[in-house]
file input_23.cif (mmCIF, C-alpha atoms)
data_input
#
loop_
_atom_site.group_PDB
_atom_site.id
_atom_site.type_symbol
_atom_site.label_atom_id
_atom_site.label_comp_id
_atom_site.auth_asym_id
_atom_site.auth_seq_id
_atom_site.Cartn_x
_atom_site.Cartn_y
_atom_site.Cartn_z
ATOM 1 C CA MET A 1 -31.276 -13.507 -25.362
ATOM 2 C CA GLU A 2 -32.404 -13.577 -21.725
ATOM 3 C CA LEU A 3 -32.104 -10.992 -18.970
ATOM 4 C CA ARG A 4 -30.351 -13.590 -16.830
ATOM 5 C CA GLN A 5 -27.678 -14.051 -19.490
ATOM 6 C CA LEU A 6 -27.147 -10.307 -19.759
ATOM 7 C CA ARG A 7 -26.806 -9.841 -15.999
ATOM 8 C CA TYR A 8 -24.323 -12.726 -15.838
ATOM 9 C CA PHE A 9 -22.367 -11.146 -18.701
ATOM 10 C CA VAL A 10 -22.157 -7.763 -16.932
ATOM 11 C CA ALA A 11 -21.107 -9.369 -13.642
ATOM 12 C CA VAL A 12 -18.249 -11.272 -15.297
ATOM 13 C CA ALA A 13 -17.207 -8.251 -17.380
ATOM 14 C CA GLU A 14 -16.971 -5.999 -14.319
ATOM 15 C CA ARG A 15 -14.994 -8.531 -12.247
ATOM 16 C CA GLU A 16 -13.009 -10.137 -15.077
ATOM 17 C CA HIS A 17 -13.378 -13.419 -13.219
ATOM 18 C CA VAL A 18 -16.092 -16.060 -13.581
ATOM 19 C CA SER A 19 -15.765 -17.543 -10.090
ATOM 20 C CA GLU A 20 -15.937 -14.093 -8.419
ATOM 21 C CA ALA A 21 -19.067 -13.266 -10.430
ATOM 22 C CA ALA A 22 -20.584 -16.611 -9.426
ATOM 23 C CA PHE A 23 -19.855 -15.921 -5.761
ATOM 24 C CA GLU A 24 -21.413 -12.445 -6.003
ATOM 25 C CA LEU A 25 -24.538 -13.733 -7.778
ATOM 26 C CA HIS A 26 -24.879 -16.862 -5.585
ATOM 27 C CA VAL A 27 -24.975 -19.236 -8.549
ATOM 28 C CA ALA A 28 -22.735 -22.037 -9.746
ATOM 29 C CA GLN A 29 -19.729 -21.097 -11.838
ATOM 30 C CA SER A 30 -20.728 -23.686 -14.420
ATOM 31 C CA ALA A 31 -24.151 -22.033 -14.796
ATOM 32 C CA ILE A 32 -22.579 -18.672 -15.582
ATOM 33 C CA SER A 33 -20.120 -20.191 -18.054
ATOM 34 C CA ARG A 34 -22.929 -22.065 -19.796
ATOM 35 C CA GLN A 35 -25.171 -18.994 -20.079
ATOM 36 C CA ILE A 36 -22.376 -16.821 -21.453
ATOM 37 C CA SER A 37 -21.499 -19.536 -23.963
ATOM 38 C CA ASN A 38 -25.136 -19.606 -25.050
ATOM 39 C CA LEU A 39 -25.122 -15.805 -25.363
ATOM 40 C CA GLU A 40 -21.969 -15.864 -27.502
ATOM 41 C CA SER A 41 -23.477 -18.574 -29.718
ATOM 42 C CA GLU A 42 -26.651 -16.554 -30.202
ATOM 43 C CA LEU A 43 -24.687 -13.402 -31.058
ATOM 44 C CA GLY A 44 -22.159 -15.220 -33.185
ATOM 45 C CA VAL A 45 -19.171 -13.472 -31.586
ATOM 46 C CA GLN A 46 -16.683 -14.089 -28.785
ATOM 47 C CA LEU A 47 -17.301 -11.674 -25.909
ATOM 48 C CA PHE A 48 -14.449 -12.793 -23.650
ATOM 49 C CA GLU A 49 -10.936 -14.097 -24.015
ATOM 50 C CA ARG A 50 -9.282 -16.085 -21.231
ATOM 51 C CA VAL A 51 -6.003 -14.795 -19.773
ATOM 52 C CA GLY A 52 -4.760 -17.180 -17.079
ATOM 53 C CA ARG A 53 -7.515 -17.463 -14.465
ATOM 54 C CA ASN A 54 -9.068 -14.197 -15.555
ATOM 55 C CA VAL A 55 -11.195 -13.248 -18.533
ATOM 56 C CA HIS A 56 -11.022 -9.998 -20.496
ATOM 57 C CA LEU A 57 -13.561 -8.468 -22.831
ATOM 58 C CA THR A 58 -12.838 -8.648 -26.535
ATOM 59 C CA PRO A 59 -13.173 -5.364 -28.489
ATOM 60 C CA ILE A 60 -16.733 -6.248 -29.524
ATOM 61 C CA GLY A 61 -17.394 -7.365 -25.939
ATOM 62 C CA LYS A 62 -16.531 -3.875 -24.689
ATOM 63 C CA ILE A 63 -18.981 -2.322 -27.145
ATOM 64 C CA PHE A 64 -21.667 -4.842 -26.171
ATOM 65 C CA LEU A 65 -21.119 -4.104 -22.449
ATOM 66 C CA THR A 66 -21.710 -0.363 -22.915
ATOM 67 C CA HIS A 67 -25.077 -0.911 -24.590
ATOM 68 C CA ILE A 68 -26.194 -3.736 -22.303
ATOM 69 C CA LYS A 69 -25.540 -1.731 -19.131
ATOM 70 C CA SER A 70 -27.676 1.077 -20.544
ATOM 71 C CA ALA A 71 -30.406 -1.389 -21.534
ATOM 72 C CA LEU A 72 -30.432 -3.026 -18.095
ATOM 73 C CA ARG A 73 -30.783 0.368 -16.426
ATOM 74 C CA GLY A 74 -33.815 0.906 -18.653
ATOM 75 C CA VAL A 75 -35.285 -2.468 -17.675
ATOM 76 C CA ASP A 76 -34.720 -1.800 -13.967
ATOM 77 C CA TYR A 77 -36.282 1.629 -14.334
ATOM 78 C CA ALA A 78 -39.344 0.159 -16.095
ATOM 79 C CA LYS A 79 -39.820 -2.352 -13.270
ATOM 80 C CA LYS A 80 -39.439 0.466 -10.742
ATOM 81 C CA GLN A 81 -42.195 2.379 -12.544
ATOM 82 C CA VAL A 82 -44.531 -0.615 -12.251
ATOM 83 C CA ASP A 83 -43.698 -1.257 -8.587
ATOM 84 C CA GLU A 84 -44.236 2.381 -7.676
ATOM 85 C CA TYR A 85 -47.426 2.612 -9.699
ATOM 86 C CA LEU A 86 -48.767 -0.039 -7.330
ATOM 87 C CA ASP A 87 -47.310 1.708 -4.251
ATOM 88 C CA PRO A 88 -46.170 5.295 -5.011
ATOM 89 C CA GLU A 89 -45.326 5.981 -1.359
ATOM 90 C CA GLY A 90 -43.129 2.918 -0.901
ATOM 91 C CA GLY A 91 -40.421 3.373 -3.514
ATOM 92 C CA SER A 92 -36.812 4.500 -3.402
ATOM 93 C CA ILE A 93 -35.071 7.599 -4.775
ATOM 94 C CA LYS A 94 -31.428 8.034 -5.774
ATOM 95 C CA ILE A 95 -30.466 11.608 -4.909
ATOM 96 C CA GLY A 96 -27.219 13.335 -5.801
ATOM 97 C CA PHE A 97 -25.731 16.340 -4.024
ATOM 98 C CA PRO A 98 -22.490 18.350 -3.890
ATOM 99 C CA THR A 99 -20.389 18.723 -0.764
ATOM 100 C CA SER A 100 -21.485 22.353 -0.281
ATOM 101 C CA LEU A 101 -25.117 21.291 0.265
ATOM 102 C CA ALA A 102 -24.432 18.249 2.449
ATOM 103 C CA SER A 103 -24.507 19.790 5.921
ATOM 104 C CA ASN A 104 -27.602 21.988 5.760
ATOM 105 C CA LEU A 105 -29.950 21.761 2.772
ATOM 106 C CA LEU A 106 -29.979 17.991 2.347
ATOM 107 C CA PRO A 107 -30.711 16.915 5.947
ATOM 108 C CA THR A 108 -33.293 19.694 6.333
ATOM 109 C CA VAL A 109 -35.414 18.760 3.310
ATOM 110 C CA LEU A 110 -35.042 14.991 3.750
ATOM 111 C CA SER A 111 -36.119 15.210 7.376
ATOM 112 C CA ALA A 112 -39.198 17.239 6.423
ATOM 113 C CA PHE A 113 -40.051 14.851 3.593
ATOM 114 C CA LYS A 114 -39.782 11.729 5.777
ATOM 115 C CA LYS A 115 -42.369 13.137 8.167
ATOM 116 C CA SER A 116 -44.954 13.025 5.368
ATOM 117 C CA TYR A 117 -43.652 9.984 3.452
ATOM 118 C CA PRO A 118 -41.928 7.671 5.951
ATOM 119 C CA ASN A 119 -41.875 4.613 3.659
ATOM 120 C CA ILE A 120 -39.953 6.136 0.766
ATOM 121 C CA ARG A 121 -36.280 5.194 0.935
ATOM 122 C CA PHE A 122 -33.240 7.210 -0.168
ATOM 123 C CA GLN A 123 -29.931 6.328 -1.757
ATOM 124 C CA LEU A 124 -27.578 9.318 -1.500
ATOM 125 C CA ARG A 125 -24.640 10.005 -3.804
ATOM 126 C CA GLN A 126 -22.222 12.869 -3.266
ATOM 127 C CA GLY A 127 -20.324 14.121 -6.285
ATOM 128 C CA SER A 128 -18.875 17.005 -8.235
ATOM 129 C CA TYR A 129 -20.983 19.372 -10.316
ATOM 130 C CA ASN A 130 -20.396 17.762 -13.715
ATOM 131 C CA PHE A 131 -20.544 14.249 -12.266
ATOM 132 C CA LEU A 132 -24.029 14.886 -10.875
ATOM 133 C CA ILE A 133 -25.327 16.276 -14.170
ATOM 134 C CA GLU A 134 -23.904 13.290 -16.049
ATOM 135 C CA SER A 135 -25.311 10.832 -13.502
ATOM 136 C CA VAL A 136 -28.831 12.242 -13.874
ATOM 137 C CA ARG A 137 -28.437 12.095 -17.642
ATOM 138 C CA ASN A 138 -27.282 8.443 -17.538
ATOM 139 C CA ARG A 139 -29.920 7.205 -15.038
ATOM 140 C CA GLU A 140 -27.313 6.496 -12.388
ATOM 141 C CA ILE A 141 -29.203 8.831 -10.046
ATOM 142 C CA ASP A 142 -32.788 10.042 -10.325
ATOM 143 C CA LEU A 143 -32.350 13.725 -9.462
ATOM 144 C CA ALA A 144 -29.806 15.995 -7.851
ATOM 145 C CA PHE A 145 -29.463 19.186 -5.863
ATOM 146 C CA LEU A 146 -27.006 21.618 -7.454
ATOM 147 C CA GLY A 147 -25.659 25.112 -7.170
ATOM 148 C CA PRO A 148 -25.575 26.963 -9.447
ATOM 149 C CA VAL A 149 -28.510 25.500 -11.379
ATOM 150 C CA PRO A 150 -27.436 24.690 -14.966
ATOM 151 C CA ASP A 151 -29.369 26.435 -17.720
ATOM 152 C CA ASN A 152 -27.452 25.193 -20.763
ATOM 153 C CA GLN A 153 -28.102 21.454 -20.671
ATOM 154 C CA PRO A 154 -30.606 20.449 -23.398
ATOM 155 C CA ASP A 155 -31.570 17.159 -21.724
ATOM 156 C CA ILE A 156 -31.708 18.434 -18.127
ATOM 157 C CA ILE A 157 -34.436 20.483 -16.417
ATOM 158 C CA GLY A 158 -33.167 22.774 -13.680
ATOM 159 C CA LYS A 159 -35.520 24.288 -11.107
ATOM 160 C CA VAL A 160 -34.161 27.170 -9.018
ATOM 161 C CA LEU A 161 -35.219 26.870 -5.373
ATOM 162 C CA PHE A 162 -33.436 29.886 -3.887
ATOM 163 C CA MET A 163 -30.485 32.263 -4.202
ATOM 164 C CA GLU A 164 -27.684 32.338 -1.658
ATOM 165 C CA ASN A 165 -24.847 34.735 -0.971
ATOM 166 C CA PHE A 166 -21.157 33.922 -0.791
ATOM 167 C CA TYR A 167 -19.101 34.916 2.259
ATOM 168 C CA ALA A 168 -15.392 35.169 2.865
ATOM 169 C CA LEU A 169 -13.939 32.588 5.220
ATOM 170 C CA ILE A 170 -10.927 34.158 6.946
ATOM 171 C CA PRO A 171 -8.527 32.865 9.635
ATOM 172 C CA SER A 172 -9.357 34.325 13.052
ATOM 173 C CA SER A 173 -5.810 35.645 13.326
ATOM 174 C CA HIS A 174 -6.220 37.738 10.166
ATOM 175 C CA ALA A 175 -6.883 41.486 10.485
ATOM 176 C CA LYS A 176 -9.904 41.299 8.177
ATOM 177 C CA SER A 177 -11.647 38.647 10.299
ATOM 178 C CA ASN A 178 -13.236 41.343 12.483
ATOM 179 C CA GLU A 179 -14.681 43.374 9.622
ATOM 180 C CA GLU A 180 -18.429 43.348 9.035
ATOM 181 C CA LYS A 181 -18.192 43.495 5.239
ATOM 182 C CA ILE A 182 -15.492 43.427 2.605
ATOM 183 C CA SER A 183 -15.391 43.609 -1.176
ATOM 184 C CA VAL A 184 -13.747 40.978 -3.354
ATOM 185 C CA ALA A 185 -11.344 43.674 -4.605
ATOM 186 C CA GLU A 186 -9.952 44.061 -1.070
ATOM 187 C CA LEU A 187 -8.680 40.473 -1.246
ATOM 188 C CA GLU A 188 -6.298 41.017 -4.154
ATOM 189 C CA GLU A 189 -3.156 40.628 -2.051
ATOM 190 C CA GLU A 190 -4.424 37.604 -0.129
ATOM 191 C CA ASN A 191 -3.520 33.942 -0.552
ATOM 192 C CA PHE A 192 -6.524 31.837 -1.545
ATOM 193 C CA VAL A 193 -7.557 28.323 -0.582
ATOM 194 C CA LEU A 194 -9.774 26.795 -3.297
ATOM 195 C CA PHE A 195 -11.217 23.586 -4.611
ATOM 196 C CA PRO A 196 -9.128 22.140 -7.472
ATOM 197 C CA GLU A 197 -9.607 23.278 -11.049
ATOM 198 C CA GLY A 198 -12.666 21.618 -12.576
ATOM 199 C CA TYR A 199 -14.827 22.128 -9.482
ATOM 200 C CA VAL A 200 -17.613 24.644 -9.997
ATOM 201 C CA LEU A 201 -16.822 26.491 -6.726
ATOM 202 C CA HIS A 202 -13.255 26.937 -7.958
ATOM 203 C CA GLN A 203 -14.467 28.619 -11.141
ATOM 204 C CA LEU A 204 -17.047 30.792 -9.362
ATOM 205 C CA VAL A 205 -14.335 32.277 -7.121
ATOM 206 C CA ILE A 206 -11.927 32.749 -10.029
ATOM 207 C CA ASP A 207 -14.626 34.556 -12.039
ATOM 208 C CA ALA A 208 -15.533 36.792 -9.086
ATOM 209 C CA CYS A 209 -11.894 37.827 -8.637
ATOM 210 C CA ILE A 210 -11.395 38.499 -12.345
ATOM 211 C CA ARG A 211 -14.511 40.688 -12.382
ATOM 212 C CA SER A 212 -12.902 42.645 -9.524
ATOM 213 C CA GLY A 213 -9.737 43.199 -11.546
ATOM 214 C CA PHE A 214 -7.288 40.509 -10.392
ATOM 215 C CA THR A 215 -6.404 36.833 -10.643
ATOM 216 C CA PRO A 216 -6.292 35.181 -7.200
ATOM 217 C CA ASN A 217 -3.063 33.784 -5.823
ATOM 218 C CA ILE A 218 -3.996 30.169 -5.069
ATOM 219 C CA GLN A 219 -1.868 29.025 -2.145
ATOM 220 C CA SER A 220 -3.548 25.703 -1.336
ATOM 221 C CA GLN A 221 -6.285 23.416 -2.621
ATOM 222 C CA GLY A 222 -8.612 20.896 -0.998
ATOM 223 C CA GLU A 223 -11.017 18.406 -2.564
ATOM 224 C CA ASP A 224 -13.789 18.651 0.025
ATOM 225 C CA LEU A 225 -15.367 21.287 2.210
ATOM 226 C CA ASP A 226 -13.777 20.108 5.450
ATOM 227 C CA ALA A 227 -10.326 20.250 3.861
ATOM 228 C CA ILE A 228 -10.939 23.811 2.626
ATOM 229 C CA LYS A 229 -12.121 24.942 6.058
ATOM 230 C CA GLY A 230 -9.197 23.213 7.748
ATOM 231 C CA LEU A 231 -6.653 24.923 5.519
ATOM 232 C CA VAL A 232 -8.211 28.331 6.212
ATOM 233 C CA ALA A 233 -8.312 27.641 9.955
ATOM 234 C CA ALA A 234 -4.620 26.737 9.782
ATOM 235 C CA GLY A 235 -3.877 30.181 8.330
ATOM 236 C CA MET A 236 -3.009 28.999 4.822
ATOM 237 C CA GLY A 237 -5.231 31.627 3.202
ATOM 238 C CA ILE A 238 -8.811 32.807 2.736
ATOM 239 C CA THR A 239 -11.625 31.448 0.604
ATOM 240 C CA LEU A 240 -15.103 32.352 -0.644
ATOM 241 C CA LEU A 241 -17.929 29.921 0.065
ATOM 242 C CA PRO A 242 -21.728 29.904 -0.302
ATOM 243 C CA GLU A 243 -23.774 30.467 2.850
ATOM 244 C CA SER A 244 -24.960 26.843 3.000
ATOM 245 C CA ALA A 245 -21.343 25.762 3.572
ATOM 246 C CA PHE A 246 -21.092 27.598 6.913
ATOM 247 C CA ASN A 247 -23.498 25.472 8.925
ATOM 248 C CA ASP A 248 -20.817 23.948 11.178
ATOM 249 C CA LEU A 249 -18.232 26.738 11.240
ATOM 250 C CA ASN A 250 -15.761 26.632 14.140
ATOM 251 C CA THR A 251 -15.526 30.326 15.055
ATOM 252 C CA ALA A 252 -12.469 29.746 17.259
ATOM 253 C CA TYR A 253 -10.260 29.393 14.201
ATOM 254 C CA SER A 254 -11.986 31.233 11.343
ATOM 255 C CA ALA A 255 -14.557 33.952 10.712
ATOM 256 C CA LYS A 256 -17.406 34.437 8.245
ATOM 257 C CA VAL A 257 -17.391 37.896 6.680
ATOM 258 C CA ALA A 258 -20.061 39.245 4.313
ATOM 259 C CA ILE A 259 -19.134 40.253 0.757
ATOM 260 C CA ASP A 260 -20.506 43.417 -0.826
ATOM 261 C CA ASN A 261 -19.766 45.797 -3.667
ATOM 262 C CA PRO A 262 -21.097 43.773 -5.374
ATOM 263 C CA PRO A 263 -22.479 40.756 -3.468
ATOM 264 C CA LEU A 264 -21.529 37.366 -4.899
ATOM 265 C CA GLN A 265 -24.446 34.940 -5.297
ATOM 266 C CA ARG A 266 -25.391 31.597 -6.803
ATOM 267 C CA THR A 267 -28.642 29.811 -7.557
ATOM 268 C CA VAL A 268 -29.423 26.565 -5.743
ATOM 269 C CA GLY A 269 -31.924 24.111 -7.093
ATOM 270 C CA ILE A 270 -32.809 20.629 -8.256
ATOM 271 C CA ILE A 271 -32.255 18.946 -11.613
ATOM 272 C CA ILE A 272 -34.199 16.133 -13.281
ATOM 273 C CA PRO A 273 -33.928 14.465 -16.694
ATOM 274 C CA LYS A 274 -35.862 16.150 -19.483
ATOM 275 C CA ASN A 275 -36.467 13.178 -21.754
ATOM 276 C CA ARG A 276 -37.811 10.572 -19.360
ATOM 277 C CA ASN A 277 -40.624 10.573 -16.837
ATOM 278 C CA LEU A 278 -39.923 10.422 -13.135
ATOM 279 C CA ALA A 279 -41.109 7.349 -11.271
ATOM 280 C CA PRO A 280 -44.082 7.955 -8.931
ATOM 281 C CA SER A 281 -42.015 8.260 -5.738
ATOM 282 C CA GLN A 282 -39.601 10.607 -7.524
ATOM 283 C CA LYS A 283 -42.521 12.786 -8.651
ATOM 284 C CA VAL A 284 -43.792 12.897 -5.065
ATOM 285 C CA PHE A 285 -40.377 14.094 -3.872
ATOM 286 C CA TYR A 286 -39.898 16.570 -6.735
ATOM 287 C CA HIS A 287 -43.260 18.245 -6.098
ATOM 288 C CA PHE A 288 -42.695 18.197 -2.338
ATOM 289 C CA ILE A 289 -39.420 20.095 -2.783
ATOM 290 C CA GLN A 290 -41.105 22.748 -4.929
ATOM 291 C CA ASP A 291 -43.903 23.161 -2.377
ATOM 292 C CA TYR A 292 -41.350 23.274 0.457
ATOM 293 C CA PHE A 293 -39.596 26.239 -1.175
ATOM 294 C CA GLU A 294 -42.901 27.646 -2.472
ATOM 295 C CA ILE A 295 -41.819 27.368 -6.112
ATOM 296 C CA ARG A 296 -44.495 27.437 -8.784
ATOM 297 C CA ASP A 297 -44.232 26.444 -12.450
#
call {"tool": "encode", "arguments": {"input": "input_23.cif", "output": "structure tokens"}}
result
Amino acid sequence: MELRQLRYFVAVAEREHVSEAAFELHVAQSAISRQISNLESELGVQLFERVGRNVHLTPIGKIFLTHIKSALRGVDYAKKQVDEYLDPEGGSIKIGFPTSLASNLLPTVLSAFKKSYPNIRFQLRQGSYNFLIESVRNREIDLAFLGPVPDNQPDIIGKVLFMENFYALIPSSHAKSNEEKISVAELEEENFVLFPEGYVLHQLVIDACIRSGFTPNIQSQGEDLDAIKGLVAAGMGITLLPESAFNDLNTAYSAKVAIDNPPLQRTVGIIIPKNRNLAPSQKVFYHFIQDYFEIRD
């Protein structure tokens, strides 16, 4: 069983078409067909069945694909470790982040890091809270910024970098937009604009309202930060957002109002896998971030 065969197998499985896989890999279609045939002969099973011009995985082929993709990620990671051992300041890092940290935290720390390590490259992946945790766990990304920092994941290490307050985002036409501070309880009669259910910022706002004695009336929902802000600016309701989300607020249409009694906060930090070592460039970045925020183990 050769790595080449396994990579050909994954390419065909993902495209369900031999000629498309051959085009993507820049090899002859006959070469891919021959290598997959050799792989099937070695395994003693049929991995694909032909349906017209396409091919589909057999049941055992689907099982084989799951394990082979994981194994190939391990092989690629091992090679990355070797390459970066030879040149720890010339590697690449796959970094995940949520939408709420995209406009302020991420560009600030990456800009500072590049001044000291200009040859390290970044691949950035935006995603939801649970997606980012799962992606770190499955080696799809190397590390991720998150808020709040998870403390109940047995195979994830979370490092808190700082705490940040939540603020109310209120349409400029609303009477409460001119207030210096408000409590969550004062918002009981308001319409809310939130992320959809399943997003961590959705649940944080729901929990804050319940602690204040009411369930919020959700008028509208948006799947990204710009959509949420746009709905508030259009007068569809109010929302609660962490401070890092207010970097590019348009004050002509909405206002940022502090929350007290009690203040609503979240942790913000970075997560890494617990059961595998970071590659050299990843370690450089991870320690840089802790020094940047003056965090000590």
call {"tool": "residues_around", "arguments": {"input": "input_23.cif", "residues": "Ile32 (chain A)", "least_positions_apart": "3", "cutoff": "10 Å", "atoms": "all atoms listed in the file", "output": "short mmCIF file (atom, residue, chain, number, x, y, z; two decimals) with C-alpha atoms, in the frame of the given file"}}
result
data_model
loop_
_atom_site.label_atom_id
_atom_site.label_comp_id
_atom_site.auth_asym_id
_atom_site.auth_seq_id
_atom_site.Cartn_x
_atom_site.Cartn_y
_atom_site.Cartn_z
CA ARG A 4 -30.35 -13.59 -16.83
CA GLN A 5 -27.68 -14.05 -19.49
CA ARG A 7 -26.81 -9.84 -16.00
CA TYR A 8 -24.32 -12.73 -15.84
CA PHE A 9 -22.37 -11.15 -18.70
CA ALA A 11 -21.11 -9.37 -13.64
CA VAL A 12 -18.25 -11.27 -15.30
CA VAL A 18 -16.09 -16.06 -13.58
CA SER A 19 -15.76 -17.54 -10.09
CA ALA A 21 -19.07 -13.27 -10.43
CA ALA A 22 -20.58 -16.61 -9.43
CA LEU A 25 -24.54 -13.73 -7.78
CA VAL A 27 -24.98 -19.24 -8.55
CA ALA A 28 -22.74 -22.04 -9.75
CA GLN A 29 -19.73 -21.10 -11.84
CA GLN A 35 -25.17 -18.99 -20.08
CA ILE A 36 -22.38 -16.82 -21.45
CA SER A 37 -21.50 -19.54 -23.96
CA ASN A 38 -25.14 -19.61 -25.05
#
call {"tool": "resolve_selection", "arguments": {"input": "input_23.cif", "expression": "the PyMOL selection byres ((chain A and resi 101-114) around 10)", "output": "MDAnalysis selection string"}}
result
chainID A and resid 95:100 115:122 124 126 145:147 225 242:248 268 284:285 288:289 292:293
call {"tool": "residues_near_point", "arguments": {"input": "input_23.cif", "point": "(-19.0, 13.1, -11.9)", "cutoff": "12 Å", "atoms": "all atoms listed in the file", "output": "list in words"}}
result
Gly96, Phe97, Pro98, Arg125, Gln126, Gly127, Ser128, Tyr129, Asn130, Phe131, Leu132, Ile133, Glu134, Ser135, Val136, Arg137, Asn138, Glu140, Ile141, Ala144, Gly198, Tyr199 and Val200 of chain A
call {"tool": "resolve_selection", "arguments": {"input": "input_23.cif", "expression": "the PyMOL selection byres ((chain A and resi 251-265) around 10)", "output": "PyMOL selection string"}}
result
chain A and resi 148+163-174+176-185+204-205+208+212+229-230+232-235+238+240-243+246+248-250+266-268
call {"tool": "closest_residue", "arguments": {"input": "input_23.cif", "among": "A:Arg15, A:Arg139, A:Arg276, A:Arg211", "to": "Leu57 (chain A)", "atoms": "all atoms listed in the file"}}
result
A:Arg15
call {"tool": "closest_residue", "arguments": {"input": "input_23.cif", "among": "A:Glu49, A:Asp76, A:Asp142, A:Glu42", "to": "Ser281 (chain A)", "atoms": "only C-alpha atoms"}}
result
A:Asp142
call {"tool": "atom_distance", "arguments": {"input": "input_23.cif", "atom1": "CA of Leu278 (chain A)", "atom2": "CA of Arg73 (chain A)"}}
result
14.0 Å
call {"tool": "atom_distance", "arguments": {"input": "input_23.cif", "atom1": "CA of Glu20 (chain A)", "atom2": "CA of Val55 (chain A)"}}
result
11.2 Å
call {"tool": "atom_distance", "arguments": {"input": "input_23.cif", "atom1": "CA of Lys159 (chain A)", "atom2": "CA of Ile270 (chain A)"}}
result
5.4 Å
call {"tool": "decode", "arguments": {"input": "input_23.cif", "residues": "region 98-110 of chain A", "atoms": "N, CA and C atoms", "output": "PDB file, in the first residue's frame"}}
result
ATOM      1  N   PRO A  98     -13.668  32.807  15.355  1.00  0.00           N
ATOM      2  CA  PRO A  98     -15.098  33.093  15.167  1.00  0.00           C
ATOM      3  C   PRO A  98     -15.289  34.492  14.599  1.00  0.00           C
ATOM      4  N   THR A  99     -16.475  34.754  14.098  1.00  0.00           N
ATOM      5  CA  THR A  99     -16.755  36.052  13.486  1.00  0.00           C
ATOM      6  C   THR A  99     -16.581  37.211  14.464  1.00  0.00           C
ATOM      7  N   SER A 100     -16.842  36.979  15.760  1.00  0.00           N
ATOM      8  CA  SER A 100     -16.775  38.073  16.732  1.00  0.00           C
ATOM      9  C   SER A 100     -15.351  38.543  16.998  1.00  0.00           C
ATOM     10  N   LEU A 101     -14.345  37.751  16.600  1.00  0.00           N
ATOM     11  CA  LEU A 101     -12.954  38.137  16.835  1.00  0.00           C
ATOM     12  C   LEU A 101     -12.235  38.522  15.537  1.00  0.00           C
ATOM     13  N   ALA A 102     -12.987  38.582  14.434  1.00  0.00           N
ATOM     14  CA  ALA A 102     -12.358  38.776  13.129  1.00  0.00           C
ATOM     15  C   ALA A 102     -11.875  40.197  12.887  1.00  0.00           C
ATOM     16  N   SER A 103     -12.574  41.192  13.426  1.00  0.00           N
ATOM     17  CA  SER A 103     -12.280  42.574  13.031  1.00  0.00           C
ATOM     18  C   SER A 103     -11.266  43.278  13.921  1.00  0.00           C
ATOM     19  N   ASN A 104     -10.957  42.711  15.085  1.00  0.00           N
ATOM     20  CA  ASN A 104     -10.066  43.412  16.004  1.00  0.00           C
ATOM     21  C   ASN A 104      -8.914  42.530  16.477  1.00  0.00           C
ATOM     22  N   LEU A 105      -9.244  41.482  17.245  1.00  0.00           N
ATOM     23  CA  LEU A 105      -8.201  40.642  17.834  1.00  0.00           C
ATOM     24  C   LEU A 105      -7.291  40.030  16.784  1.00  0.00           C
ATOM     25  N   LEU A 106      -7.876  39.372  15.796  1.00  0.00           N
ATOM     26  CA  LEU A 106      -7.072  38.623  14.827  1.00  0.00           C
ATOM     27  C   LEU A 106      -6.097  39.502  14.058  1.00  0.00           C
ATOM     28  N   PRO A 107      -6.529  40.589  13.411  1.00  0.00           N
ATOM     29  CA  PRO A 107      -5.551  41.406  12.682  1.00  0.00           C
ATOM     30  C   PRO A 107      -4.509  42.047  13.585  1.00  0.00           C
ATOM     31  N   THR A 108      -4.879  42.357  14.828  1.00  0.00           N
ATOM     32  CA  THR A 108      -3.924  42.983  15.749  1.00  0.00           C
ATOM     33  C   THR A 108      -2.783  42.035  16.092  1.00  0.00           C
ATOM     34  N   VAL A 109      -3.107  40.803  16.487  1.00  0.00           N
ATOM     35  CA  VAL A 109      -2.060  39.874  16.917  1.00  0.00           C
ATOM     36  C   VAL A 109      -1.265  39.344  15.724  1.00  0.00           C
ATOM     37  N   LEU A 110      -1.921  39.133  14.582  1.00  0.00           N
ATOM     38  CA  LEU A 110      -1.188  38.631  13.421  1.00  0.00           C
ATOM     39  C   LEU A 110      -0.212  39.681  12.899  1.00  0.00           C
TER      40      LEU A 110
END
